[in-house]
Amino acid sequence: MEFLVMPIVILAIVLLILVPLLKGAVSGHAAKHGSSQTAEPGYYPVVYTIDQSHVGVIERFGRYHSMVNPGLHVRLPIVDRVRCVSLLTQQSQFTFDAKTQDNVTIDLGISIQYYVNAKPTANIVDNGVYLSLYTLTDPVSQMMAYFADALRSQIPLRTLDQVFEEKESIARAIADEVGHKMLAYGYVVVTTLITNIKLPEDVRISMNRIVSTKNDMVSARNEAEAERSKTVIAAQADAEAMQKTGEGIAAQRKAIAEGLKESLDVIKSSGLDVAEANALLMFTQQIDVQAKLAENSSSNTIVLPSNFGTDASLFDQMLVAGKASVEDQELTLNIRR
């Protein structure tokens, strides 16, 4: 039996060493690839690695001991445990409700980006990695609470229209307020975005109706302005056309008057008095009109004196001229016979 004691003792020692190592390998892998920003404590193998953009925190007998950078490292079994902290920029999205100054309750979608501040400090307790591990158990929930408080102090100061118009300034204001508080816990807030503003259904329908009505008013006003402009332009064109027509008529009448004056002067210079000259001028004008009408073979216009009493001499002369023409034709025929 004595020869079995030594192998049993050796096996117990080996198991005592291997069990923590195997446990550390499993829990360390889960810690490095977990979904949380700060990994849970893990018993890494004796030889382990820290990934790029991460930092390892060594705890010895449960107390903070040191930090290790990315690369290959060795730890003391059982004595040391390693916590892996990601330095990558993380993103979280939240939804908050708030009431505007005009009593409209809206839901705001907020997206934030943040990371652990790994900037070296003179005192380790002021280091961002140290603060992120040992001051908050759930940093995301803490940020949610801060953002909710900041939003509910900003939104009630603005109407619904102002919330839409000043969305970026609201995001900057809450980012400054929350970023200052989260820096005390080792986190740097990179940016804050208001990604969505959801309205109650009845408010959304009312706003769409208001916008539609405004667009209809603008459209009607534009159409009225277009019609008024067309009317004004047409009136101006008619006025200019009438002005040009009047100027043409005036010039024509002036030319006619000057021509008549010259004709009367010539007639009077031949020895006729004023009455005879006017009668001769009227007779020649009537003859000219008849001649022009006769030139148009398709014309069926008959020209008669406007006053047979006054113009009877002219009408009689036309009849006598016609009768004389017939008698001359008959006399010519008799002579030929």
# chains A, B, ... in the order shown; residues from 1 in each chain; ligands from 1
$ residues_around --residues "Pro156 of chain A" --least-positions-apart "6" --cutoff "10 Å" --atoms "only C-alpha atoms" --output "count of residues only"
9
$ closest_residue --among "A:Met282, A:Leu183, A:Cys84, A:Ile124" --to "Gly56 of chain A" --atoms "only C-alpha atoms"
A:Cys84
$ atom_distance --atom1 "atom CA of Thr135 of chain A" --atom2 "atom CA of Tyr64 of chain A"
13.1 Å
$ select_by_dssp --residues "segment 94-291 of chain A" --states "alpha helix (DSSP H)" --output "PyMOL selection string"
chain A and resi 128-134+139-154+160-165+167-183+201-269+274-291
$ atom_distance --atom1 "atom CA of Ile287 of chain A" --atom2 "atom CA of Gly248 of chain A"
26.0 Å
$ atom_distance --atom1 "atom CA of Gly109 of chain A" --atom2 "atom CA of Asp97 of chain A"
8.9 Å
$ residues_around --residues "Phe147 of chain A" --least-positions-apart "5" --cutoff "12 Å" --atoms "only C-alpha atoms" --output "PyMOL selection string"
chain A and resi 92-98+108-112+140-142+152-155+170-182+189+192-194
$ closest_residue --among "A:Leu151, A:Ala224, A:Ile197, A:Ile8" --to "Asp107 of chain A" --atoms "only C-alpha atoms"
A:Ile197
$ select_by_dssp --residues "segment 47-262 of chain A" --states "strand (DSSP E or B)" --output "PyMOL selection string"
chain A and resi 47-50+54-60+63-68+71-74+80-86+90-99+105-116+187-198
$ write_last_selection --atoms "C-alpha atoms" --output "CSV table (one decimal), in the first residue's frame"
chain,number,residue,atom,x,y,z
A,47,VAL,CA,0.2,31.8,-20.6
A,48,TYR,CA,-2.4,34.1,-22.2
A,49,THR,CA,-2.8,36.9,-24.7
A,50,ILE,CA,-4.5,40.2,-24.7
A,54,HIS,CA,-7.9,45.8,-25.3
A,55,VAL,CA,-6.1,46.1,-22.0
A,56,GLY,CA,-5.7,43.5,-19.3
A,57,VAL,CA,-6.1,44.2,-15.6
A,58,ILE,CA,-4.3,41.9,-13.2
A,59,GLU,CA,-6.0,41.3,-9.8
A,60,ARG,CA,-3.8,39.5,-7.2
A,63,ARG,CA,-7.0,43.4,-5.4
A,64,TYR,CA,-5.9,45.5,-8.3
A,65,HIS,CA,-2.3,44.8,-9.1
A,66,SER,CA,-1.4,46.1,-12.6
A,67,MET,CA,-2.3,46.5,-16.2
A,68,VAL,CA,-0.9,44.7,-19.2
A,71,GLY,CA,0.4,40.7,-26.4
A,72,LEU,CA,1.6,37.5,-24.7
A,73,HIS,CA,1.7,37.4,-20.9
A,74,VAL,CA,2.2,35.0,-18.0
A,80,ASP,CA,-3.6,36.1,-10.2
A,81,ARG,CA,-6.8,36.6,-12.3
A,82,VAL,CA,-7.1,38.7,-15.4
A,83,ARG,CA,-9.9,41.1,-16.5
A,84,CYS,CA,-10.0,42.2,-20.1
A,85,VAL,CA,-11.3,45.6,-20.9
A,86,SER,CA,-12.1,46.7,-24.5
A,90,GLN,CA,-19.1,51.1,-28.5
A,91,GLN,CA,-22.6,52.2,-29.6
A,92,SER,CA,-25.8,51.9,-27.8
A,93,GLN,CA,-29.3,53.0,-28.7
A,94,PHE,CA,-32.1,54.1,-26.3
A,95,THR,CA,-35.6,55.4,-26.6
A,96,PHE,CA,-37.0,58.0,-24.3
A,97,ASP,CA,-40.3,59.8,-24.0
A,98,ALA,CA,-40.7,63.5,-23.2
A,99,LYS,CA,-43.3,66.2,-23.3
A,105,THR,CA,-45.6,63.6,-25.8
A,106,ILE,CA,-43.0,62.3,-28.2
A,107,ASP,CA,-40.6,59.3,-28.3
A,108,LEU,CA,-37.0,60.1,-29.1
A,109,GLY,CA,-34.5,57.6,-30.4
A,110,ILE,CA,-31.0,58.3,-29.1
A,111,SER,CA,-27.8,56.7,-30.4
A,112,ILE,CA,-24.6,57.3,-28.5
A,113,GLN,CA,-21.0,56.3,-29.1
A,114,TYR,CA,-18.5,56.0,-26.2
A,115,TYR,CA,-15.3,54.3,-25.2
A,116,VAL,CA,-13.1,53.7,-22.1
A,187,TYR,CA,-16.0,56.8,-20.2
A,188,VAL,CA,-15.7,59.3,-23.0
A,189,VAL,CA,-18.9,60.1,-24.9
A,190,VAL,CA,-17.9,60.5,-28.5
A,191,THR,CA,-21.1,61.6,-30.1
A,192,THR,CA,-24.8,61.7,-29.5
A,193,LEU,CA,-27.5,61.6,-32.2
A,194,ILE,CA,-31.2,62.0,-32.1
A,195,THR,CA,-32.0,59.4,-34.8
A,196,ASN,CA,-35.8,59.4,-34.6
A,197,ILE,CA,-38.7,61.5,-33.3
A,198,LYS,CA,-41.9,59.6,-33.1
